[in-house]
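With compact mmCIF, C-alpha atoms and all ligand atoms inside, this is coords.txt:
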# COMPACT_ATOMS: atom_id res chain seq x y z
CA MET A 266 42.67 15.44 27.42
CA ARG A 267 43.82 18.91 26.52
CA ASP A 268 46.97 20.60 27.69
CA ARG A 269 46.32 24.17 28.78
CA ALA A 270 50.10 24.56 29.07
CA CYS A 271 50.49 25.26 25.35
CA ARG A 272 50.89 28.99 24.65
CA PHE A 273 50.07 28.79 20.96
CA GLU A 274 46.58 30.08 20.19
CA ARG A 275 46.49 29.89 16.40
CA VAL A 276 48.22 26.74 15.14
CA VAL A 277 47.97 25.95 11.43
CA ALA A 278 48.94 22.46 10.30
CA LEU A 279 49.60 21.64 6.62
CA ALA A 280 48.73 18.02 5.94
CA GLY A 281 48.01 15.31 3.41
CA GLY A 282 47.88 11.54 3.53
CA ILE A 283 47.84 9.18 6.45
CA GLY A 284 50.81 10.46 8.49
CA GLY A 285 49.46 13.98 8.29
CA ALA A 286 45.99 12.88 9.39
CA ARG A 287 47.41 11.05 12.39
CA LEU A 288 49.41 14.03 13.68
CA LEU A 289 46.36 16.25 13.16
CA ASP A 290 44.45 13.79 15.36
CA GLY A 291 47.11 14.19 18.05
CA LEU A 292 47.13 18.01 17.76
CA ALA A 293 43.31 18.08 18.03
CA ALA A 294 43.55 16.05 21.24
CA VAL A 295 46.09 18.31 22.99
CA LEU A 296 45.24 21.83 21.76
CA PRO A 297 42.40 23.94 23.20
CA PRO A 298 39.23 24.01 21.06
CA GLY A 299 39.56 26.57 18.28
CA ALA A 300 43.38 26.70 18.43
CA LEU A 301 43.94 24.38 15.45
CA THR A 302 43.28 24.92 11.75
CA ALA A 303 44.24 22.21 9.26
CA VAL A 304 44.96 23.04 5.61
CA VAL A 305 44.65 19.80 3.67
CA ASN A 306 45.98 18.77 0.26
CA THR A 307 43.44 18.30 -2.54
CA GLY A 308 45.94 17.48 -5.31
CA ASP A 309 44.95 13.81 -5.01
CA ASP A 310 41.32 14.60 -5.82
CA PHE A 311 39.85 13.06 -8.93
CA GLU A 312 36.61 11.95 -10.59
CA HIS A 313 35.86 8.24 -10.46
CA TRP A 314 32.50 6.52 -11.18
CA ASP A 315 31.34 10.06 -11.97
CA LEU A 316 31.94 10.97 -8.29
CA ARG A 317 34.13 13.77 -6.92
CA ILE A 318 36.62 12.05 -4.61
CA SER A 319 38.89 13.90 -2.14
CA PRO A 320 41.05 11.18 -0.55
CA ASP A 321 43.09 13.38 1.81
CA LEU A 322 40.08 15.34 3.08
CA ASP A 323 38.37 12.00 3.74
CA THR A 324 41.41 10.40 5.41
CA VAL A 325 41.63 13.40 7.75
CA MET A 326 37.87 13.35 8.37
CA TYR A 327 37.67 9.64 9.19
CA THR A 328 40.82 9.84 11.34
CA LEU A 329 39.58 12.85 13.36
CA ALA A 330 36.18 11.16 13.77
CA GLY A 331 37.86 7.96 15.00
CA LEU A 332 36.30 6.01 12.11
CA ALA A 333 39.39 5.35 9.97
CA HIS A 334 40.69 1.86 9.25
CA PRO A 335 43.53 1.60 11.84
CA GLU A 336 46.16 -0.18 9.71
CA ARG A 337 45.31 0.99 6.18
CA GLY A 338 44.80 4.56 7.28
CA TRP A 339 42.41 5.37 4.44
CA GLY A 340 38.74 4.36 4.24
CA LEU A 341 36.55 3.26 7.13
CA ALA A 342 37.27 0.61 9.76
CA ASP A 343 33.69 -0.72 9.66
CA GLU A 344 33.25 -1.21 5.91
CA SER A 345 31.98 -3.61 3.25
CA PHE A 346 32.63 -3.71 -0.51
CA ARG A 347 29.39 -5.15 -1.91
CA ALA A 348 28.79 -2.33 -4.38
CA LEU A 349 32.37 -2.74 -5.62
CA ALA A 350 31.73 -6.48 -6.09
CA MET A 351 28.69 -5.72 -8.25
CA ILE A 352 30.72 -3.22 -10.33
CA GLU A 353 33.26 -6.01 -10.76
CA ARG A 354 30.50 -8.35 -12.04
CA TYR A 355 29.45 -5.69 -14.55
CA GLY A 356 33.04 -5.30 -15.74
CA GLY A 357 33.47 -1.77 -14.39
CA ASP A 358 36.56 -0.09 -12.94
CA THR A 359 37.47 -1.59 -9.56
CA TRP A 360 41.15 -0.59 -9.23
CA PHE A 361 40.18 2.11 -6.70
CA GLN A 362 38.51 0.31 -3.78
CA LEU A 363 35.42 2.27 -2.79
CA GLY A 364 33.63 0.80 0.23
CA ASP A 365 29.85 0.94 0.68
CA ARG A 366 29.87 3.46 3.54
CA ASP A 367 32.73 5.45 1.98
CA LEU A 368 30.55 5.75 -1.13
CA ALA A 369 28.05 7.78 0.89
CA THR A 370 30.75 10.42 1.46
CA HIS A 371 31.50 10.65 -2.27
CA LEU A 372 27.80 10.67 -3.23
CA TRP A 373 27.02 13.43 -0.74
CA ARG A 374 30.08 15.57 -1.60
CA THR A 375 29.36 15.20 -5.32
CA GLN A 376 25.72 16.20 -4.86
CA LEU A 377 26.62 19.32 -2.83
CA LEU A 378 29.39 20.37 -5.25
CA ARG A 379 27.08 19.91 -8.24
CA ALA A 380 24.52 22.07 -6.43
CA GLY A 381 27.17 24.84 -6.53
CA MET A 382 28.53 24.65 -2.98
CA ARG A 383 32.26 25.44 -2.61
CA LEU A 384 34.54 22.61 -1.44
CA SER A 385 35.30 24.55 1.78
CA ALA A 386 31.58 24.67 2.63
CA VAL A 387 31.04 21.02 1.68
CA THR A 388 34.01 20.04 3.87
CA GLU A 389 32.67 22.02 6.85
CA ARG A 390 29.26 20.38 6.45
CA LEU A 391 30.65 16.83 6.21
CA TYR A 392 33.02 17.32 9.16
CA ARG A 393 30.35 18.91 11.35
CA ALA A 394 27.99 16.02 10.58
CA LEU A 395 30.65 13.63 11.96
CA GLY A 396 31.07 15.75 15.10
CA ILE A 397 34.53 17.11 14.25
CA GLU A 398 35.29 20.44 15.98
CA VAL A 399 38.67 21.10 14.34
CA ARG A 400 38.55 23.62 11.48
CA VAL A 401 39.73 21.73 8.39
CA LEU A 402 40.11 23.63 5.13
CA PRO A 403 40.84 22.31 1.67
CA MET A 404 43.95 24.03 0.29
CA ALA A 405 41.84 25.32 -2.62
CA ASP A 406 38.16 25.40 -3.53
CA LEU A 407 38.81 24.74 -7.22
CA PRO A 408 40.60 21.68 -8.57
CA ARG A 409 44.41 21.61 -8.66
CA ARG A 410 45.56 18.17 -9.75
CA THR A 411 48.93 16.61 -8.97
CA ILE A 412 50.53 15.12 -12.11
CA ILE A 413 53.30 12.52 -11.97
CA GLU A 414 55.77 12.82 -14.86
CA ALA A 415 57.30 9.38 -15.16
CA THR A 416 60.75 8.57 -16.53
CA ASP A 417 59.01 6.51 -19.25
CA GLY A 418 57.65 9.82 -20.64
CA ARG A 419 54.07 9.40 -19.42
CA ARG A 420 52.17 12.06 -17.49
CA LEU A 421 49.96 10.26 -14.99
CA ALA A 422 47.10 11.56 -12.86
CA PHE A 423 48.03 11.02 -9.24
CA GLN A 424 45.70 8.13 -8.35
CA ASP A 425 46.48 6.39 -11.63
CA TRP A 426 50.14 6.47 -10.62
CA LEU A 427 49.76 5.71 -6.91
CA VAL A 428 46.95 3.13 -6.92
CA ARG A 429 46.31 1.81 -10.43
CA GLU A 430 50.04 1.47 -11.19
CA ARG A 431 51.02 0.93 -7.54
CA ALA A 432 53.56 3.80 -7.66
CA SER A 433 55.86 1.63 -9.79
CA PRO A 434 56.65 4.13 -12.61
CA THR A 435 59.79 6.01 -11.56
CA VAL A 436 59.07 9.69 -10.95
CA ARG A 437 61.01 12.21 -13.04
CA ALA A 438 59.04 15.25 -11.85
CA VAL A 439 55.83 16.28 -10.09
CA SER A 440 53.71 19.05 -11.59
CA PHE A 441 50.34 20.63 -10.86
CA GLU A 442 47.43 21.59 -13.11
CA GLY A 443 44.46 23.77 -12.30
CA THR A 444 43.83 26.72 -10.03
CA SER A 445 46.71 28.48 -8.28
CA GLU A 446 44.26 30.23 -5.94
CA PRO A 447 44.38 29.06 -2.31
CA ALA A 448 41.12 28.83 -0.38
CA PRO A 449 40.77 32.34 1.13
CA ALA A 450 40.36 31.09 4.69
CA ALA A 451 43.46 28.90 4.32
CA LEU A 452 45.69 31.83 3.38
CA GLU A 453 44.21 34.00 6.13
CA ALA A 454 44.86 31.23 8.66
CA VAL A 455 48.54 31.03 7.67
CA HIS A 456 48.92 34.81 7.89
CA ALA A 457 47.39 34.80 11.40
CA ALA A 458 49.23 31.74 12.69
CA ASP A 459 51.53 31.91 15.72
CA LEU A 460 52.81 28.44 14.74
CA VAL A 461 52.74 26.52 11.45
CA ILE A 462 53.33 22.77 11.56
CA ILE A 463 54.20 20.86 8.38
CA CYS A 464 52.88 17.37 9.18
CA PRO A 465 54.76 14.13 8.41
CA SER A 466 53.28 13.93 4.92
CA ASN A 467 54.92 13.36 1.54
CA PRO A 468 56.57 16.72 0.76
CA TYR A 469 56.31 16.29 -3.02
CA VAL A 470 52.67 15.24 -3.41
CA SER A 471 51.01 16.28 -0.12
CA ILE A 472 52.74 19.50 0.98
CA ASP A 473 54.18 21.04 -2.23
CA PRO A 474 50.64 21.27 -3.73
CA ILE A 475 49.81 23.59 -0.81
CA LEU A 476 53.10 25.54 -0.87
CA GLY A 477 52.74 26.13 -4.61
CA LEU A 478 49.50 28.09 -4.28
CA ASP A 479 49.64 31.88 -4.71
CA GLY A 480 50.84 33.67 -1.59
CA VAL A 481 51.39 30.64 0.64
CA ARG A 482 55.19 30.68 0.71
CA SER A 483 55.27 34.44 1.33
CA ALA A 484 52.64 34.05 4.08
CA LEU A 485 54.95 31.54 5.79
CA ARG A 486 57.90 33.97 5.81
CA GLY A 487 58.47 35.33 9.31
CA ARG A 488 56.29 32.64 10.91
CA THR A 489 57.55 29.89 13.22
CA VAL A 490 57.41 26.86 10.93
CA VAL A 491 58.17 23.40 12.31
CA ALA A 492 58.14 20.28 10.13
CA VAL A 493 57.91 16.68 11.31
CA SER A 494 59.95 14.26 9.22
CA PRO A 495 57.95 11.53 7.43
CA ILE A 496 61.20 9.55 6.92
CA VAL A 497 62.32 7.41 9.85
CA HIS A 498 65.76 5.76 9.69
CA GLY A 499 65.76 6.03 5.90
CA GLN A 500 62.27 4.56 5.45
CA ALA A 501 58.80 5.96 4.89
CA ILE A 502 56.20 4.64 7.32
CA LYS A 503 53.65 4.52 4.51
CA GLY A 504 53.57 5.22 0.80
CA PRO A 505 56.05 5.88 -2.01
CA LEU A 506 58.14 8.67 -0.44
CA ALA A 507 61.49 6.88 -0.02
CA GLY A 508 61.72 5.98 -3.73
CA MET A 509 60.59 9.49 -4.72
CA ILE A 510 63.42 11.10 -2.73
CA THR A 511 65.97 8.91 -4.52
CA SER A 512 64.53 9.44 -8.01
CA LEU A 513 63.89 13.18 -7.55
CA THR A 514 67.04 14.21 -5.67
CA GLY A 515 69.58 11.44 -6.26
CA ARG A 516 70.03 11.39 -2.46
CA PRO A 517 69.20 8.50 -0.13
CA PRO A 518 65.97 8.93 1.86
CA SER A 519 66.68 10.75 5.15
CA ALA A 520 65.34 13.39 7.49
CA ALA A 521 68.13 15.64 6.17
CA ALA A 522 66.69 15.27 2.65
CA ILE A 523 63.28 16.34 3.99
CA ALA A 524 64.78 19.40 5.73
CA ALA A 525 66.67 20.26 2.53
CA HIS A 526 63.47 20.03 0.49
CA TYR A 527 61.86 22.68 2.71
CA ARG A 528 65.01 24.83 2.54
CA GLY A 529 64.35 28.42 3.55
CA LEU A 530 60.91 27.70 5.03
CA LEU A 531 61.71 25.94 8.29
CA SER A 532 62.44 27.33 11.74
CA ALA A 533 63.17 23.75 12.82
CA ILE A 534 62.37 20.12 12.21
CA VAL A 535 61.35 17.22 14.47
CA VAL A 536 62.94 13.90 13.48
CA GLU A 537 63.14 10.35 14.79
CA ARG A 538 65.81 10.05 17.48
CA GLY A 539 69.05 9.13 15.67
CA ASP A 540 68.10 10.86 12.39
CA GLU A 541 69.60 14.25 13.29
CA ALA A 542 72.73 13.87 11.08
CA GLY A 543 73.06 16.35 8.22
CA VAL A 544 70.04 18.42 9.20
CA GLU A 545 70.95 22.09 8.70
CA VAL A 546 68.19 23.69 10.77
CA PRO A 547 67.52 23.39 14.52
CA VAL A 548 66.48 19.78 15.05
CA HIS A 549 64.72 17.84 17.80
CA GLY A 550 65.00 14.04 17.96
CA THR A 551 62.11 12.13 19.52
CA ALA A 552 59.80 9.13 18.98
CA THR A 553 57.93 10.12 15.79
CA VAL A 554 56.28 6.80 14.88
CA MET A 555 52.71 7.21 16.12
CA GLY A 556 50.95 4.09 17.42
CA GLY A 557 47.29 4.64 18.21
CA ARG A 558 45.72 7.83 19.49
CA PRO A 559 47.88 8.07 22.66
CA GLY A 560 51.05 8.04 20.51
CA ARG A 561 49.60 10.74 18.26
CA ALA A 562 48.89 12.99 21.26
CA ASP A 563 52.36 12.31 22.68
CA LEU A 564 54.04 13.39 19.43
CA ALA A 565 51.77 16.44 19.14
CA ARG A 566 52.65 17.49 22.70
CA ASP A 567 56.35 16.95 21.99
CA VAL A 568 56.23 19.05 18.80
CA LEU A 569 54.38 21.90 20.56
CA ARG A 570 56.80 21.92 23.50
CA PHE A 571 59.77 21.95 21.10
CA ALA A 572 58.17 24.79 19.13
CA GLU A 573 57.71 26.77 22.36
CA SER A 574 61.42 26.35 23.10
CA LEU A 575 62.27 28.01 19.77
CA ALA A 576 60.67 31.36 20.40
N1 LIG A 601 44.79 3.60 -1.78
C1 LIG A 601 45.15 2.40 -2.37
O1 LIG A 601 46.34 2.08 -2.39
N2 LIG A 601 44.21 1.57 -2.92
C2 LIG A 601 42.90 1.89 -2.93
O2 LIG A 601 42.09 1.13 -3.47
C3 LIG A 601 42.49 3.12 -2.31
C4 LIG A 601 41.14 3.49 -2.25
C5 LIG A 601 40.79 4.68 -1.56
C6 LIG A 601 39.47 5.05 -1.43
C7 LIG A 601 39.12 6.22 -0.77
C8 LIG A 601 40.11 7.04 -0.26
O3 LIG A 601 39.79 8.18 0.40
C9 LIG A 601 41.47 6.69 -0.36
C10 LIG A 601 41.81 5.51 -1.03
N3 LIG A 601 43.14 5.12 -1.15
C11 LIG A 601 43.49 3.94 -1.75
C12 LIG A 601 44.23 5.93 -0.59
C13 LIG A 601 44.58 7.10 -1.46
O4 LIG A 601 44.90 6.75 -2.77
C14 LIG A 601 45.78 7.81 -0.80
O5 LIG A 601 45.63 7.72 0.56
C15 LIG A 601 45.87 9.30 -1.00
O6 LIG A 601 45.46 9.71 -2.22
C16 LIG A 601 47.33 9.71 -0.73
O7 LIG A 601 47.56 9.71 0.59
Let's see the structure in the file written out as structure tokens.
Ligand code: FO1
Amino acid sequence: MRDRACRFERVVALAGGIGGARLLDGLAAVLPPGALTAVVNTGDDFEHWDLRISPDLDTVMYTLAGLAHPERGWGLADESFRALAMIERYGGDTWFQLGDRDLATHLWRTQLLRAGMRLSAVTERLYRALGIEVRVLPMADLPRRTIIEATDGRRLAFQDWLVRERASPTVRAVSFEGTSEPAPAALEAVHAADLVIICPSNPYVSIDPILGLDGVRSALRGRTVVAVSPIVHGQAIKGPLAGMITSLTGRPPSAAAIAAHYRGLLSAIVVERGDEAGVEVPVHGTATVMGGRPGRADLARDVLRFAESLA
């Protein structure tokens, strides 16, 4: 069901990871067709089994198509791992669990990229094939890899850190390698936006890769920018964020730490009810933990209504 009540016509949502995908799903459900553009992190992308893998673009795609694994958040609900089992028998790399149907996505994306198609065009083609109407753009067409600089001195590629080493090396810094050029359509979308939503994603490894691209921060200046906190009562719903806040800022994980990270960018922030303390921008407390699709639409509606109250 869509709410015609919303006055925003050009909403841009910055997203990465599972929390971001879920709010995008809610926004897609409540906004009129054509009103939403998603700019998705590609800093997690990497080559594995000689395939080009874009985990956040795929998590968003499967979530918007209603195909994502409901608990895990990544990969497909209806999946098998028989190819992975054969790779295991051959002694190949199995630390990154690629399912049989998920493999089709990586095979097809790799084939189109190797044929010279830009990642934006490949993304549009994959999403359209799964019946997704929302415009979803990669943050950049060329690779820009997120690097984790660990306190033990190692520089780790993102998936090596997150999955192979289970996010156990303490993070000293996060850096980025590769293009600094945003996808043209992504930058244009931000410039034209009447609302920008920063989804409840990991600020360091899902949103900063986008903000660090040429022209993005300046395009956000003067826009209404509303973030949704990915930290709820001091905890992350999913992933390594809580420990990263402590190791990168020396502060305990909190919604206030999230607002402080986006200092200077935010018009306001939406947090879990009870997490308003210490937040130095206009703040709205609500229920931010999304259950299934109805909860995602409820949060999306709540964020849009709060954003309307700001103007
Ligand atoms: N995350 C894991 O913790 N273990 C995995 O084996 C794994 C496989 C995987 C396959 C495809 C895909 O699109 C995502 C996958 N993820 C896995 C999640 C992924 O590492 C993260 O979701 C993103 O990179 C950060 O949100």
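Proximity ranking of A:Val436, A:Leu506, A:Ala525, A:Ile397 relative to ligand LIG 601 (chain A) places A:Leu506 first, based on all atoms listed in the file.
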Might I get the box with edges along x, y and z of the file that holds all atoms of ligand LIG 601 (chain A) listed there, padded by 3 Å on every side, given as centre and edge lengths in Å to one decimal, as JSON?
{"center_x": 43.3, "center_y": 5.4, "center_z": -1.4, "size_x": 14.4, "size_y": 14.6, "size_z": 10.1}
Residues within 8 Å of ligand LIG 601 (chain A) (only C-alpha atoms and all ligand atoms), as a PDB file with C-alpha atoms, in the coordinates of the input?
ATOM      1  CA  GLY A 281      48.010  15.310   3.410  1.00  0.00           C
ATOM      2  CA  GLY A 282      47.880  11.540   3.530  1.00  0.00           C
ATOM      3  CA  ILE A 283      47.840   9.180   6.450  1.00  0.00           C
ATOM      4  CA  ASP A 309      44.950  13.810  -5.010  1.00  0.00           C
ATOM      5  CA  ASP A 310      41.320  14.600  -5.820  1.00  0.00           C
ATOM      6  CA  ILE A 318      36.620  12.050  -4.610  1.00  0.00           C
ATOM      7  CA  SER A 319      38.890  13.900  -2.140  1.00  0.00           C
ATOM      8  CA  PRO A 320      41.050  11.180  -0.550  1.00  0.00           C
ATOM      9  CA  ASP A 321      43.090  13.380   1.810  1.00  0.00           C
ATOM     10  CA  LEU A 322      40.080  15.340   3.080  1.00  0.00           C
ATOM     11  CA  ASP A 323      38.370  12.000   3.740  1.00  0.00           C
ATOM     12  CA  THR A 324      41.410  10.400   5.410  1.00  0.00           C
ATOM     13  CA  GLY A 338      44.800   4.560   7.280  1.00  0.00           C
ATOM     14  CA  TRP A 339      42.410   5.370   4.440  1.00  0.00           C
ATOM     15  CA  GLY A 340      38.740   4.360   4.240  1.00  0.00           C
ATOM     16  CA  TRP A 360      41.150  -0.590  -9.230  1.00  0.00           C
ATOM     17  CA  PHE A 361      40.180   2.110  -6.700  1.00  0.00           C
ATOM     18  CA  GLN A 362      38.510   0.310  -3.780  1.00  0.00           C
ATOM     19  CA  LEU A 363      35.420   2.270  -2.790  1.00  0.00           C
ATOM     20  CA  GLY A 364      33.630   0.800   0.230  1.00  0.00           C
ATOM     21  CA  ASP A 367      32.730   5.450   1.980  1.00  0.00           C
ATOM     22  CA  PHE A 423      48.030  11.020  -9.240  1.00  0.00           C
ATOM     23  CA  GLN A 424      45.700   8.130  -8.350  1.00  0.00           C
ATOM     24  CA  LEU A 427      49.760   5.710  -6.910  1.00  0.00           C
ATOM     25  CA  VAL A 428      46.950   3.130  -6.920  1.00  0.00           C
ATOM     26  CA  ARG A 429      46.310   1.810 -10.430  1.00  0.00           C
ATOM     27  CA  ARG A 431      51.020   0.930  -7.540  1.00  0.00           C
ATOM     28  CA  SER A 471      51.010  16.280  -0.120  1.00  0.00           C
ATOM     29  CA  GLY A 504      53.570   5.220   0.800  1.00  0.00           C
TER      30      GLY A 504
END
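Note that the spacing between atom CA of Cys464 of chain A and atom CA of Pro495 of chain A amounts to 7.9 Å.
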Original post:
Can you list, as a PyMOL selection string, every protein, DNA or RNA residue that comes within 7 Å of segment 541-558 of chain A when you count only C-alpha atoms, leaving out same-chain residues fewer than 4 positions away?
Top reply: chain A and resi 291+521+524+532-537+562+564
For the contact check between segment 285-337 of chain A and segment 391-396 of chain A, emit one row per residue of segment 285-337 of chain A within 10 Å, containing the shortest atom pair and the distance in Å rounded to one decimal, counting only C-alpha atoms, chain then rising number order, as a Markdown table.
| residue | atom | partner | partner_atom | distance |
| --- | --- | --- | --- | --- |
| A:Leu322 | CA | A:Tyr392 | CA | 9.5 |
| A:Asp323 | CA | A:Tyr392 | CA | 9.3 |
| A:Val325 | CA | A:Tyr392 | CA | 9.6 |
| A:Met326 | CA | A:Tyr392 | CA | 6.3 |
| A:Tyr327 | CA | A:Leu395 | CA | 8.5 |
| A:Leu329 | CA | A:Tyr392 | CA | 9.0 |
| A:Ala330 | CA | A:Leu395 | CA | 6.3 |
| A:Gly331 | CA | A:Leu395 | CA | 9.7 |
| A:Leu332 | CA | A:Leu395 | CA | 9.5 |
Original post:
So which residues touch Thr375 of chain A within 8 Å, counting all atoms listed in the file, skipping near sequence neighbours fewer than 4 positions away, as a list in words?
Top reply: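 Those residues are Leu316, Arg317, Ile318, His371 and Arg379 of chain A.
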Write out, as a short mmCIF file (atom, residue, chain, number, x, y, z; two decimals), keeping the file's coordinate frame, the residues just selected, with C-alpha atoms.
data_model
loop_
_atom_site.label_atom_id
_atom_site.label_comp_id
_atom_site.auth_asym_id
_atom_site.auth_seq_id
_atom_site.Cartn_x
_atom_site.Cartn_y
_atom_site.Cartn_z
CA LEU A 316 31.94 10.97 -8.29
CA ARG A 317 34.13 13.77 -6.92
CA ILE A 318 36.62 12.05 -4.61
CA HIS A 371 31.50 10.65 -2.27
CA ARG A 379 27.08 19.91 -8.24
#
Original post:
In terms of the shortest atom-to-atom distance over all atoms listed in the file, which of A:Phe571, A:Pro468, A:Val481, A:Gly529 is closest to Ala507 of chain A?
Top reply: A:Pro468
**OP:** For atom CA of His456 of chain A and atom CA of Leu485 of chain A, quote the distance in Å rounded to one decimal.
**Re:** 7.2 Å
Original post:
Which one is closest to Asp567 of chain A: A:Ile502, A:Cys271, A:Leu341, A:Ala333? Count all atoms listed in the file.
Top reply: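 Nearest to Asp567 of chain A: A:Cys271.
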**OP:** Quick one: pull the distance between atom CA of Ala422 of chain A and atom CA of Pro474 of chain A, Å, one decimal.
**Re:**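 Atom-to-atom, atom CA of Ala422 of chain A and atom CA of Pro474 of chain A are spaced 13.8 Å apart.
Among the candidates A:Arg482, A:Arg275, A:Arg374, A:Arg337, the one nearest to Ala303 of chain A when counting only C-alpha atoms is A:Arg275.
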